[in-house]
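Peer 1: Please see the structure below; I have some questions.
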Amino acid sequence: MSKLYAAREAAYDRFVDFEGEHYDVLDPMWKAHFEGVDQRNAAAAVRAGKDPFAGETELSKAEKRRARALGARQALAEDLRAADGALFRAWSAAVPDLIPDAGDTLRAAADAYRKADNAARAARDVFREAVRVRTFLALFKAGEQREYAGGYVPTAGVGSRGSEEISEVLAKLDSRGITDPFCESGEADFASGQKRARLVGNGQSSYISLS
């Protein structure tokens, strides 16, 4: 297969290179181009006091080249089609043998994707609960919220997932004055000697216990 592909690419390169090298006579407007060249050459000859009919015209030279260029391009095009056809036939014969491996690869990819998605969903749930707790504690300390359930919980926009959701939630925390959500500044959430709040739950409801 690799040899057939290389042969096809080589045939293509020969065809394209030939067209580029002889484009002046292969161009559909080739005749008008060379007639213009001859007109300009004749005018220049007259101004120089020379015979405008001396020598072979560029159009005549181009006509001789064009016939040969057309024939050569036709042969190169046929070579390219033959090489392309050989590659296509070989590829068509190989496809049935490739399908089972492609199916195995798809199955493995689907399993990996499913596992990663399940892990991401679990991590998302843990993150959202952590946001709920962190927000409640900050608002409780500020005297803005007494009940854990039903209070303010910052959420991201519909469709936001992963890093995008995290960034949106943190931005909303910041807008509520919770500027150090990870408590990285070294300042405690509760001042020294102040009672700390902890969540107590029985699986059905939650309430605040001060200790």
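In the structure tokens, the first chain shown is A, the next is B, and so on; residue numbers restart at 1 for each chain, and ligands run from 1 in the order shown.
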Could you pull the residues within 10 Å of Thr135 in chain A, counting only C-alpha atoms, minus those fewer than 3 positions along the same chain, as a PyMOL selection string?

Peer 2: chain A and resi 129-132+138-141+145+148+151-154+173+176+178+181

Peer 1: Excluding same-chain residues fewer than 5 positions from Asp27 in chain A, what lies within 12 Å of it counting only C-alpha atoms, as a list of chain:residue names?

Peer 2: A:Glu19, A:Gly20, A:Glu21, A:His22, A:Ala32, A:His33, A:Phe34, A:Ala62, A:Arg66, A:Ala69, A:Leu70

Peer 1: Please provide the set of residues having any atom within 12 Å of Lys61 in chain A, restricted to only C-alpha atoms, with same-chain residues fewer than 3 positions apart removed, written as a VMD selection string.

Peer 2: chain A and resid 24 to 25 30 to 31 34 to 35 37 to 38 55 to 58 64 to 68

Peer 1: Range 37-166 of chain A: which residues are helix (DSSP H, G or I) by DSSP, as a ChimeraX atom specification?

Peer 2: /A:37-47,58-141,163-166

Peer 1: What's around range 71-83 of chain A at 7 Å? Count only C-alpha atoms, leave out sequence neighbours fewer than 3 positions away in its own chain, and write the answer as a CSV table (one decimal) with N, CA, C and O atoms, in the first residue's frame.

Peer 2:
```csv
chain,number,residue,atom,x,y,z
A,7,ALA,N,3.8,6.0,-5.3
A,7,ALA,CA,3.7,6.1,-6.8
A,7,ALA,C,2.7,7.1,-7.2
A,7,ALA,O,2.9,7.9,-8.2
A,8,ARG,N,1.6,7.1,-6.5
A,8,ARG,CA,0.5,8.1,-6.8
A,8,ARG,C,1.0,9.5,-6.6
A,8,ARG,O,0.7,10.4,-7.4
A,11,ALA,N,3.4,10.6,-9.2
A,11,ALA,CA,2.7,10.9,-10.5
A,11,ALA,C,2.0,12.3,-10.4
A,11,ALA,O,2.0,13.0,-11.4
A,12,TYR,N,1.5,12.5,-9.3
A,12,TYR,CA,0.8,13.8,-9.0
A,12,TYR,C,1.8,15.0,-9.1
A,12,TYR,O,1.6,16.0,-9.7
A,15,PHE,N,2.9,15.7,-12.7
A,15,PHE,CA,1.8,16.4,-13.4
A,15,PHE,C,1.8,17.8,-13.0
A,15,PHE,O,1.7,18.7,-13.9
A,67,ALA,N,1.5,22.3,-28.7
A,67,ALA,CA,1.1,21.0,-29.2
A,67,ALA,C,1.9,19.9,-28.4
A,67,ALA,O,1.3,18.9,-28.0
A,68,ARG,N,3.2,20.1,-28.2
A,68,ARG,CA,3.9,19.2,-27.4
A,68,ARG,C,3.5,19.2,-25.9
A,68,ARG,O,3.5,18.1,-25.3
A,86,ALA,N,-4.9,2.4,-9.1
A,86,ALA,CA,-4.2,1.3,-8.5
A,86,ALA,C,-4.3,1.4,-7.0
A,86,ALA,O,-4.6,0.5,-6.2
A,87,LEU,N,-4.1,2.7,-6.5
A,87,LEU,CA,-4.1,2.9,-5.0
A,87,LEU,C,-5.6,2.7,-4.5
A,87,LEU,O,-5.8,2.1,-3.5
```

Peer 1: Set the distance at 12 Å and use only C-alpha atoms: which residues neighbour Arg128 in chain A once local chain neighbours fewer than 6 positions away are removed? I'd like the list as a PDB file with N, CA and C atoms, in the first residue's frame.

Peer 2:
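The result, written out as selection13.pdb:
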```pdb
ATOM      1  N   ARG A 121     -18.389  13.587  36.317  1.00  0.00           N
ATOM      2  CA  ARG A 121     -19.672  13.889  36.961  1.00  0.00           C
ATOM      3  C   ARG A 121     -19.567  13.753  38.482  1.00  0.00           C
ATOM      4  N   ALA A 122     -18.864  12.708  38.926  1.00  0.00           N
ATOM      5  CA  ALA A 122     -18.679  12.521  40.370  1.00  0.00           C
ATOM      6  C   ALA A 122     -17.868  13.672  40.955  1.00  0.00           C
ATOM      7  N   ARG A 134     -18.842  25.775  51.612  1.00  0.00           N
ATOM      8  CA  ARG A 134     -17.970  26.949  51.778  1.00  0.00           C
ATOM      9  C   ARG A 134     -18.779  28.237  51.755  1.00  0.00           C
ATOM     10  N   THR A 135     -19.753  28.309  50.880  1.00  0.00           N
ATOM     11  CA  THR A 135     -20.593  29.505  50.793  1.00  0.00           C
ATOM     12  C   THR A 135     -21.424  29.680  52.052  1.00  0.00           C
ATOM     13  N   VAL A 153     -26.518  29.589  46.770  1.00  0.00           N
ATOM     14  CA  VAL A 153     -25.456  28.721  46.262  1.00  0.00           C
ATOM     15  C   VAL A 153     -25.077  29.220  44.869  1.00  0.00           C
ATOM     16  N   PRO A 154     -23.839  29.675  44.684  1.00  0.00           N
ATOM     17  CA  PRO A 154     -23.439  30.164  43.358  1.00  0.00           C
ATOM     18  C   PRO A 154     -23.391  29.017  42.354  1.00  0.00           C
ATOM     19  N   THR A 155     -23.949  29.243  41.185  1.00  0.00           N
ATOM     20  CA  THR A 155     -23.936  28.232  40.126  1.00  0.00           C
ATOM     21  C   THR A 155     -23.449  28.844  38.827  1.00  0.00           C
ATOM     22  N   ALA A 156     -22.957  27.986  37.958  1.00  0.00           N
ATOM     23  CA  ALA A 156     -22.488  28.435  36.647  1.00  0.00           C
ATOM     24  C   ALA A 156     -23.641  28.408  35.659  1.00  0.00           C
ATOM     25  N   ARG A 161     -19.080  23.432  32.002  1.00  0.00           N
ATOM     26  CA  ARG A 161     -18.556  22.232  32.643  1.00  0.00           C
ATOM     27  C   ARG A 161     -17.064  22.405  32.887  1.00  0.00           C
ATOM     28  N   GLY A 162     -16.554  21.633  33.852  1.00  0.00           N
ATOM     29  CA  GLY A 162     -15.117  21.624  34.093  1.00  0.00           C
ATOM     30  C   GLY A 162     -14.580  22.969  34.520  1.00  0.00           C
ATOM     31  N   GLU A 165     -16.973  25.969  34.505  1.00  0.00           N
ATOM     32  CA  GLU A 165     -17.885  26.038  35.646  1.00  0.00           C
ATOM     33  C   GLU A 165     -17.158  26.528  36.897  1.00  0.00           C
ATOM     34  N   ILE A 166     -15.963  26.003  37.138  1.00  0.00           N
ATOM     35  CA  ILE A 166     -15.191  26.404  38.315  1.00  0.00           C
ATOM     36  C   ILE A 166     -14.918  27.909  38.299  1.00  0.00           C
ATOM     37  N   VAL A 169     -18.127  29.934  39.029  1.00  0.00           N
ATOM     38  CA  VAL A 169     -18.541  29.846  40.433  1.00  0.00           C
ATOM     39  C   VAL A 169     -17.628  30.677  41.323  1.00  0.00           C
ATOM     40  N   LEU A 170     -16.325  30.573  41.096  1.00  0.00           N
ATOM     41  CA  LEU A 170     -15.384  31.351  41.908  1.00  0.00           C
ATOM     42  C   LEU A 170     -15.594  32.843  41.719  1.00  0.00           C
TER      43      LEU A 170
END
```

Peer 1: Give the answer as one residue: which of A:Ser175, A:Asp84, A:Ala42, A:Tyr23 has the shortest atom-to-atom distance to Glu9 in chain A, using only C-alpha atoms?

Peer 2: A:Asp84
